[in-house]
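Reading through the structure tokens given below for one structure.
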Amino acid sequence: MSATILAGATGTTELPQRSRRRPGSGLWAAVRGNRKATVGALLLLVFVVFAAVPQLFTPVDDPNAHQFELMLPPSSEHLLGTTAFGQDIWAQLVYGTRESLVIALVVGGLATVLSVLVGVSAAYLGGAADSLLSAVTDVFLVVPTFPLIIVIAAYAGQGGLPVIIAVLVATGWSYGARQLRAQALSLRNRDFLESARVRGERRSYIIVREVLPTMTSLILATFLGSAVYAVLTAAGLQFIGLGDESGLSWGTMLHWAQSNSALYTGQPLWVVAPGLCVALLGASFALLNYAFDEISNPALRPVRRPRAKRARS
């Protein structure tokens with residue numbers, strides 16, 4: 001607690017000092033206070049460790065190499081068995097985490113940046129700029145997304161990871177832009193923005209230093225939603241063969257498992273394991289979103305009931 005100390009002898013006065021809050025403390029408290037968000041954070045941490053140091057979890061150096069017997073059942077040497085090509089399924093699962101996680105984070109980040117640029121700029125600028133940007137956003141909102149993705153990816157060819165990322169960013173920004181525009185419209189005539197205009201601040205300064213900090217939780221929620229969309233859609237594209245078939249990700253694992261009829265040849269883990277990882281990575285981002293919802297909307301925060309005091313004997 002800050003206090004004012006008067007030194008009578010010297011006549012000096014120590015002014016009250018505000019207690020500074022560590023950056024990110026509100027976010028960390030929200031994650032710890034929400035069980036679903038905590039589970040999401042732990043899941044995401046596991047996948048990050050898998051992607052960063054896969055060598056810690058498997059002795060296989062080249063998961064794509066055909067170096068084992070075909071279609072081996074799970075054992076101590078091959079935790080999930082081997083594929084019809086003699087590849088270790090567990091090694092492919094661990095090494096495939098990196099590409100799947102990169103797609104989620106890069107697409108989520110780029111789509112969020114595009115959503116912020118379009119949505120916030122449209123709301124703050126208003127007039128013709130708002131009408132034009134809103135019209136473009138509405139077009140992308142009403143177009144069937146997945147068929148459009150398939151058409152674009154098919155015409156772009158099997159360009160690998162850059163093509164997948166570009167297609168997902170181009171088709172995944174519109175929903176977030178609409179949400180951010182609505183939030184920015186509610187802030188446009190607030191007193192703190194009017195005072196910034198009166199001071200003669202530039203529009204770019206007002207947007208970056210005044211508007212965006214008040215929308216941090218919504219921007220993070222937009223990122224998480226875009227990441228979930230990227231994980232599921234990228235896996236779907238790679239599953240139907242529109243990705244780089246020589247690459248290694250959970251989607252390409254599903255593609256080769258389906259091409260070799262894994263479920264009908266006694267290799268269910270070749271399908272179940274990558275499918276489960278796709279679902280868990282998507283769930284980790286979705287569960288983390290609960291924490292950001294609590295920060296942006298205090299009404300969603302759980303009520304902390306005082307613990308009943310134990311009866312004294």
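Chain labels follow the order of the structure tokens: the first chain is A, the next B, and so on; residue numbering restarts at 1 in every chain, and ligands are counted from 1 in their shown order.
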- request: Within 8 Å of Asn289 (chain A), counting only C-alpha atoms, which residues show up once you throw out same-chain ones fewer than 6 positions away? Write them as JSON, numbers by chain, please.
  value: {"A": [37, 221, 224]}
- prompt: Within 9 Å of region 94-109 of chain A, counting only C-alpha atoms, which residues qualify if same-chain residues fewer than 5 places away don't, as a ChimeraX atom specification?
  reply: /A:47-48,50-55,57-58,63,89,114,161,164-166,168-169,172-173,222-231,234-235,247-253,274,277-278,281-282
- request: Find the residues near Ser174 (chain A): any atom within 9 Å, counting only C-alpha atoms, skip ones fewer than 3 places away on the same chain, and give them as number ranges by chain.
  value: A: 111, 114-115, 118-119, 136-141, 170-171, 177-179
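Those residues that approach region 191-205 of chain A to within 9 Å, counting only C-alpha atoms, are Tyr124, Leu125, Leu187, Arg209, Glu210 and Val211 of chain A; same-chain residues fewer than 4 positions away are not listed.
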- request: Find the residue from A:Gln183, A:Thr112, A:Asn189, A:Thr82 that sits nearest to Met215 (chain A); use only C-alpha atoms when measuring.
  value: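 Ranking A:Gln183, A:Thr112, A:Asn189, A:Thr82 by distance to Met215 (chain A), first place goes to A:Gln183.
Checking A:Pro144, A:Phe285, A:Gly86, A:Ala184 one by one against Pro213 (chain A), counting only C-alpha atoms, you find the shortest gap at A:Ala184.
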query: Of the residues A:Ala182, A:Ala84, A:Leu43, A:Val31, which is the one nearest to Asn260 (chain A), using only C-alpha atoms?
result: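 Once distances to Asn260 (chain A) are computed over only C-alpha atoms, the minimum belongs to A:Ala84.
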message: List as a VMD selection string the protein and nucleic acid residues near Thr38 (chain A), meaning an atom at most 12 Å away when only C-alpha atoms are counted, but skip any in the same chain fewer than 4 places from it.
response: chain A and resid 27 to 34 42 to 45 283 to 291
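CA of Asn64 (chain A) is positioned 17.3 Å from CA of Gln267 (chain A).
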task: Enumerate, as number ranges by chain, the complete set of residues in region 102-313 of chain A that a backbone-based DSSP assignment places in alpha helix (DSSP H).
output: A: 102-125, 127-142, 145-156, 161-171, 174-187, 191-198, 203-205, 216-239, 250-259, 269-296
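Of the listed residues (A:Gly81, A:Leu232, A:Ser217, A:Leu254), A:Leu232 comes nearest to Leu280 (chain A); the distances count only C-alpha atoms.
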